[in-house]
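J.: Dumping the structure here so I can ask a few things about it.
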Amino acid sequence: MSAPEVAKAADALYEAARTNSACPPVRSLLAEGDIEAAYAVQRRNVERGLASGRRIVGRKIGLTSPAVQAQLGVDQPDFGTLFADMAVPEGGTVPAGRLIQPKVEAEVALVLGTELPHRDCTVADILRATEFALPALEIVDSRNADWDITIVDTVADNASSGLFVLGGTPVPLTGLDLRGIRMTMTRDGEPVSEGTGADCLGGPLNAAAWLASTLADRGDPLRAGDVVLTGALGPMAVAHPGNRFEAGISQLGRVKVEFATEGDRP
């Protein structure tokens, strides 16, 4: 990978986020299919965030759906970083203009009680390390114009992270069948997405084990207290000003969020 190209792509995405105005897809700045260069771009902007005082609170997993992987021509998930300032209170409101082109998906969130340092992490390791689970909404966004993305674009763009919402009632994993859970998400009361735990890489615990192994291999393991968004349980839905989203996930509960209207823009 070329350091100047990585820096240029990182700067383009950073400026897009700062100005809330999408940039041309950054894959044009990087070698075709160079996922490691894309992660270098992501890392550069994560470090920039840390330097500005932002605090990492966890990670997100993307591309857990076989259909989406096929669409982007990849055979593996990707990951991004969650910062504390990306959290929206359950039932809260996303300010108008906070994101560029948001979409919403429902997920299982795991909150860890211990570190996961092993490069060959198993589902059993995830079960032991997880303190509790929560229903969650991930509000994804893209700094790449018109969601025109390949795997390189989304990885560089922090796995298309935007914001996230966690339900407020922790549920221990004991007795839970996360593979068999069912999810329904509504927008303004109308169903827009359905799915099961098995639709997320065969099960949210599988996705979490992949993430833990991948991060440990990169020398940056998941830590106690981390929030892990394990990946979408069903299709994402476009969010417009004024929309209200609510997801119900069996065995875990419900979680909701609203989007302010343009008239509420600060």
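Scheme for the structure tokens: letters A, B, ... for chains in order shown; per-chain residue numbers from 1; ligand numbers from 1 in order shown.
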Tell me, counting only C-alpha atoms, for each residue of range 80-129 of chain A within 9 Å of range 201-216 of chain A, which pair of atoms is nearest and how far apart they are in Å to one decimal, in rows ordered by chain and increasing number, as JSON lines.
T.:
{"residue": "A:Glu107", "atom": "CA", "partner": "A:Pro204", "partner_atom": "CA", "distance": 8.6}
{"residue": "A:Val108", "atom": "CA", "partner": "A:Pro204", "partner_atom": "CA", "distance": 6.9}
{"residue": "A:Ala109", "atom": "CA", "partner": "A:Pro204", "partner_atom": "CA", "distance": 8.7}
{"residue": "A:Leu110", "atom": "CA", "partner": "A:Ala208", "partner_atom": "CA", "distance": 8.4}
{"residue": "A:Leu116", "atom": "CA", "partner": "A:Ala212", "partner_atom": "CA", "distance": 6.2}
{"residue": "A:Pro117", "atom": "CA", "partner": "A:Ala216", "partner_atom": "CA", "distance": 5.4}
{"residue": "A:His118", "atom": "CA", "partner": "A:Ala216", "partner_atom": "CA", "distance": 5.9}
{"residue": "A:Arg119", "atom": "CA", "partner": "A:Ser213", "partner_atom": "CA", "distance": 4.3}
{"residue": "A:Asp120", "atom": "CA", "partner": "A:Ser213", "partner_atom": "CA", "distance": 5.4}
{"residue": "A:Cys121", "atom": "CA", "partner": "A:Ser213", "partner_atom": "CA", "distance": 5.2}
{"residue": "A:Thr122", "atom": "CA", "partner": "A:Ala209", "partner_atom": "CA", "distance": 5.6}
{"residue": "A:Val123", "atom": "CA", "partner": "A:Ala209", "partner_atom": "CA", "distance": 5.8}
{"residue": "A:Ala124", "atom": "CA", "partner": "A:Ala209", "partner_atom": "CA", "distance": 8.9}
{"residue": "A:Asp125", "atom": "CA", "partner": "A:Ala209", "partner_atom": "CA", "distance": 7.8}
{"residue": "A:Ile126", "atom": "CA", "partner": "A:Ala209", "partner_atom": "CA", "distance": 6.3}
{"residue": "A:Leu127", "atom": "CA", "partner": "A:Leu205", "partner_atom": "CA", "distance": 7.8}
J.: Please dump the current selection as an mmCIF file, in the first residue's frame; keep N, CA and C atoms.
T.:
data_model
loop_
_atom_site.group_PDB
_atom_site.id
_atom_site.type_symbol
_atom_site.label_atom_id
_atom_site.label_comp_id
_atom_site.auth_asym_id
_atom_site.auth_seq_id
_atom_site.Cartn_x
_atom_site.Cartn_y
_atom_site.Cartn_z
ATOM 1 N N GLU A 107 -29.854 -5.455 15.428
ATOM 2 C CA GLU A 107 -28.765 -6.369 15.729
ATOM 3 C C GLU A 107 -28.831 -6.824 17.186
ATOM 4 N N VAL A 108 -28.018 -7.828 17.490
ATOM 5 C CA VAL A 108 -27.755 -8.226 18.872
ATOM 6 C C VAL A 108 -26.453 -7.564 19.299
ATOM 7 N N ALA A 109 -26.489 -6.885 20.435
ATOM 8 C CA ALA A 109 -25.272 -6.319 21.016
ATOM 9 C C ALA A 109 -24.831 -7.183 22.181
ATOM 10 N N LEU A 110 -23.538 -7.460 22.248
ATOM 11 C CA LEU A 110 -22.941 -8.157 23.377
ATOM 12 C C LEU A 110 -22.064 -7.176 24.135
ATOM 13 N N LEU A 116 -10.739 -10.714 25.361
ATOM 14 C CA LEU A 116 -10.686 -11.881 24.477
ATOM 15 C C LEU A 116 -9.382 -11.822 23.680
ATOM 16 N N PRO A 117 -8.276 -12.316 24.243
ATOM 17 C CA PRO A 117 -6.957 -12.113 23.632
ATOM 18 C C PRO A 117 -6.521 -13.187 22.647
ATOM 19 N N HIS A 118 -7.328 -14.246 22.453
ATOM 20 C CA HIS A 118 -6.851 -15.391 21.683
ATOM 21 C C HIS A 118 -7.128 -15.247 20.186
ATOM 22 N N ARG A 119 -6.170 -15.659 19.385
ATOM 23 C CA ARG A 119 -6.319 -15.583 17.924
ATOM 24 C C ARG A 119 -7.223 -16.678 17.373
ATOM 25 N N ASP A 120 -7.528 -17.675 18.186
ATOM 26 C CA ASP A 120 -8.401 -18.765 17.759
ATOM 27 C C ASP A 120 -9.614 -18.822 18.681
ATOM 28 N N CYS A 121 -10.269 -17.696 18.849
ATOM 29 C CA CYS A 121 -11.399 -17.575 19.763
ATOM 30 C C CYS A 121 -12.550 -18.483 19.326
ATOM 31 N N THR A 122 -13.186 -19.127 20.300
ATOM 32 C CA THR A 122 -14.308 -20.022 20.034
ATOM 33 C C THR A 122 -15.605 -19.413 20.550
ATOM 34 N N VAL A 123 -16.716 -20.038 20.144
ATOM 35 C CA VAL A 123 -18.013 -19.611 20.664
ATOM 36 C C VAL A 123 -18.055 -19.763 22.177
ATOM 37 N N ALA A 124 -17.437 -20.827 22.694
ATOM 38 C CA ALA A 124 -17.384 -21.005 24.143
ATOM 39 C C ALA A 124 -16.667 -19.838 24.820
ATOM 40 N N ASP A 125 -15.594 -19.342 24.193
ATOM 41 C CA ASP A 125 -14.886 -18.183 24.733
ATOM 42 C C ASP A 125 -15.816 -16.966 24.784
ATOM 43 N N ILE A 126 -16.599 -16.779 23.738
ATOM 44 C CA ILE A 126 -17.535 -15.656 23.694
ATOM 45 C C ILE A 126 -18.576 -15.790 24.807
ATOM 46 N N LEU A 127 -19.102 -16.989 24.982
ATOM 47 C CA LEU A 127 -20.101 -17.216 26.022
ATOM 48 C C LEU A 127 -19.535 -16.888 27.402
#
J.: Residues at most 12 Å from Thr174 in chain A, counting only C-alpha atoms, excluding those fewer than 5 positions away in the same chain, as a VMD selection string?
T.: chain A and resid 127 to 128 130 to 133 251
J.: Just N, CA and C atoms for this one: save the residues we selected as a short mmCIF file (atom, residue, chain, number, x, y, z; two decimals), in the first residue's frame.
T.:
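The file below, selection.cif, is the result:
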data_model
loop_
_atom_site.label_atom_id
_atom_site.label_comp_id
_atom_site.auth_asym_id
_atom_site.auth_seq_id
_atom_site.Cartn_x
_atom_site.Cartn_y
_atom_site.Cartn_z
N LEU A 127 -19.10 -16.99 24.98
CA LEU A 127 -20.10 -17.22 26.02
C LEU A 127 -19.54 -16.89 27.40
N ARG A 128 -18.31 -17.31 27.67
CA ARG A 128 -17.69 -17.05 28.97
C ARG A 128 -17.40 -15.57 29.17
N THR A 130 -18.90 -12.88 27.75
CA THR A 130 -20.01 -11.94 27.61
C THR A 130 -20.75 -11.77 28.93
N GLU A 131 -20.89 -10.53 29.36
CA GLU A 131 -21.61 -10.25 30.60
C GLU A 131 -23.12 -10.25 30.37
N PHE A 132 -23.55 -9.64 29.24
CA PHE A 132 -24.98 -9.65 28.92
C PHE A 132 -25.17 -9.24 27.46
N ALA A 133 -26.39 -9.47 26.97
CA ALA A 133 -26.78 -9.09 25.61
C ALA A 133 -27.87 -8.03 25.68
N GLN A 251 -36.64 -12.86 22.96
CA GLN A 251 -35.78 -13.18 24.09
C GLN A 251 -34.96 -11.99 24.60
#
J.: Would you mind listing, for every residue of range 134-216 of chain A within 6 Å of range 62-85 of chain A, the two atoms forming the shortest contact and the distance between them in Å to one decimal, using only C-alpha atoms, sorted by chain and ascending residue number, as a Markdown table?
T.:
| residue | atom | partner | partner_atom | distance |
| --- | --- | --- | --- | --- |
| A:Thr150 | CA | A:Leu72 | CA | 5.6 |
| A:Asn158 | CA | A:Gly80 | CA | 4.7 |
| A:Ala159 | CA | A:Gly80 | CA | 4.9 |
| A:Cys200 | CA | A:Thr64 | CA | 5.3 |
| A:Leu201 | CA | A:Thr64 | CA | 5.0 |
J.: Measuring between only C-alpha atoms, which one of A:Val255, A:Ile35, A:Ile151, A:Ala156 shows the shortest distance to Thr186 in chain A?
T.: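 Looking only at the distances to Thr186 in chain A, the closest residue turns out to be A:Val255.
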J.: Which polymer residues have any atom within 7 Å of an atom of Val155 in chain A, counting only C-alpha atoms, with same-chain residues fewer than 6 positions away left out, as a VMD selection string?
T.: chain A and resid 38 to 39 42 78
J.: Write the residues of the selection above to a file with N, CA and C atoms, as a PDB file, in the first residue's frame.
T.:
ATOM      1  N   ALA A  38      -7.346  -0.337   2.936  1.00  0.00           N
ATOM      2  CA  ALA A  38      -8.592   0.240   3.447  1.00  0.00           C
ATOM      3  C   ALA A  38      -8.603   0.248   4.975  1.00  0.00           C
ATOM      4  N   TYR A  39      -8.123  -0.839   5.594  1.00  0.00           N
ATOM      5  CA  TYR A  39      -8.043  -0.851   7.054  1.00  0.00           C
ATOM      6  C   TYR A  39      -7.022   0.167   7.560  1.00  0.00           C
ATOM      7  N   GLN A  42      -8.914   3.339   7.665  1.00  0.00           N
ATOM      8  CA  GLN A  42      -9.783   3.331   8.845  1.00  0.00           C
ATOM      9  C   GLN A  42      -8.986   3.616  10.107  1.00  0.00           C
ATOM     10  N   ASP A  78     -16.500  -7.590   7.815  1.00  0.00           N
ATOM     11  CA  ASP A  78     -15.523  -6.555   8.121  1.00  0.00           C
ATOM     12  C   ASP A  78     -15.851  -5.988   9.495  1.00  0.00           C
TER      13      ASP A  78
END
J.: Measuring between only C-alpha atoms, which one of A:Glu138, A:Asp177, A:Thr184, A:Val104 shows the shortest distance to Arg254 in chain A?
T.: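 Using only C-alpha atoms, Arg254 in chain A sits closest to A:Thr184.
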J.: Pick out each residue of range 7-52 of chain A that DSSP on the backbone tags as alpha helix (DSSP H); I need them as a compact mmCIF listing (two decimals) with C-alpha atoms, in the first residue's frame.
T.:
# COMPACT_ATOMS: atom_id res chain seq x y z
CA ALA A 7 -3.47 9.57 3.82
CA LYS A 8 -5.41 11.09 0.93
CA ALA A 9 -8.29 8.64 1.32
CA ALA A 10 -8.39 9.16 5.07
CA ASP A 11 -8.43 12.93 4.64
CA ALA A 12 -11.29 12.70 2.12
CA LEU A 13 -13.44 10.64 4.50
CA TYR A 14 -12.56 12.80 7.50
CA GLU A 15 -13.51 15.97 5.64
CA ALA A 16 -16.76 14.37 4.43
CA ALA A 17 -17.68 13.53 8.03
CA ARG A 18 -16.65 16.97 9.29
CA THR A 19 -18.69 18.84 6.68
CA ILE A 35 -8.50 -4.38 1.90
CA GLU A 36 -5.40 -3.92 4.06
CA ALA A 37 -4.93 -0.43 2.64
CA ALA A 38 -8.59 0.24 3.45
CA TYR A 39 -8.04 -0.85 7.05
CA ALA A 40 -5.01 1.44 7.17
CA VAL A 41 -7.29 4.31 6.14
CA GLN A 42 -9.78 3.33 8.85
CA ARG A 43 -7.02 3.09 11.43
CA ARG A 44 -5.70 6.54 10.52
CA ASN A 45 -9.07 8.16 11.18
CA VAL A 46 -9.62 6.16 14.38
CA GLU A 47 -6.29 7.47 15.64
CA ARG A 48 -7.34 10.97 14.60
CA GLY A 49 -10.51 10.54 16.64
CA LEU A 50 -8.57 9.39 19.69
CA ALA A 51 -6.22 12.34 19.38
J.: Which one is closest to Met86 in chain A: A:Leu29, A:Leu166, A:Met183, A:Ile249? Count only C-alpha atoms.
T.: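 That would be A:Leu166, the residue with the smallest distance to Met86 in chain A.
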J.: I'd like the neighbourhood of Leu137 in chain A as a list in words, where a residue qualifies if any of its atoms comes within 6 Å (using only C-alpha atoms), though same-chain residues fewer than 6 positions away should be ignored.
T.: Glu105, Ala106, Glu107, Phe164 and Val165 of chain A
J.: Which residue gives the smallest distance to Arg59 in chain A among A:Leu222, A:Ala232, A:Ala87, A:Ala260, with only C-alpha atoms counted?
T.: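 Answer, going by the shortest atom-to-atom distance: A:Leu222.
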J.: Could you work out how far CA of Gly113 in chain A lies from CA of Gly248 in chain A, giving the answer in Å with one decimal?
T.: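 Computed distance, CA of Gly248 in chain A to CA of Gly113 in chain A, equals 24.8 Å.
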J.: A:Val152, A:Leu252, A:Met236, A:Leu112: which is nearest Gly195 in chain A, counting only C-alpha atoms?
T.: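 Among A:Val152, A:Leu252, A:Met236, A:Leu112, it is A:Met236 that comes nearest to Gly195 in chain A.
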J.: Can you list, as a list in words, every protein, DNA or RNA residue that comes within 10 Å of Gly168 in chain A when you count only C-alpha atoms, leaving out same-chain residues fewer than 4 positions away?
T.: Pro89, Glu90, Gly91, Leu134, Pro135, Ala136, Gly253, Arg254 and Val255 of chain A
J.: Can you write out the residues you just picked, keeping C-alpha atoms, as a short mmCIF file (atom, residue, chain, number, x, y, z; two decimals), in the first residue's frame?
T.:
data_model
loop_
_atom_site.label_atom_id
_atom_site.label_comp_id
_atom_site.auth_asym_id
_atom_site.auth_seq_id
_atom_site.Cartn_x
_atom_site.Cartn_y
_atom_site.Cartn_z
CA PRO A 89 -30.08 6.81 24.18
CA GLU A 90 -32.80 4.21 23.77
CA GLY A 91 -35.93 6.00 22.60
CA LEU A 134 -29.03 -6.24 24.49
CA PRO A 135 -31.26 -5.53 21.49
CA ALA A 136 -29.67 -2.84 19.35
CA GLY A 253 -36.80 -7.13 24.06
CA ARG A 254 -37.35 -3.95 22.10
CA VAL A 255 -35.34 -0.88 21.11
#
J.: A:Thr261, A:Ile181, A:Asp220, A:Asp148: which is nearest Gly234 in chain A, counting only C-alpha atoms?
T.: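 The answer is A:Ile181, which sits nearest to Gly234 in chain A.
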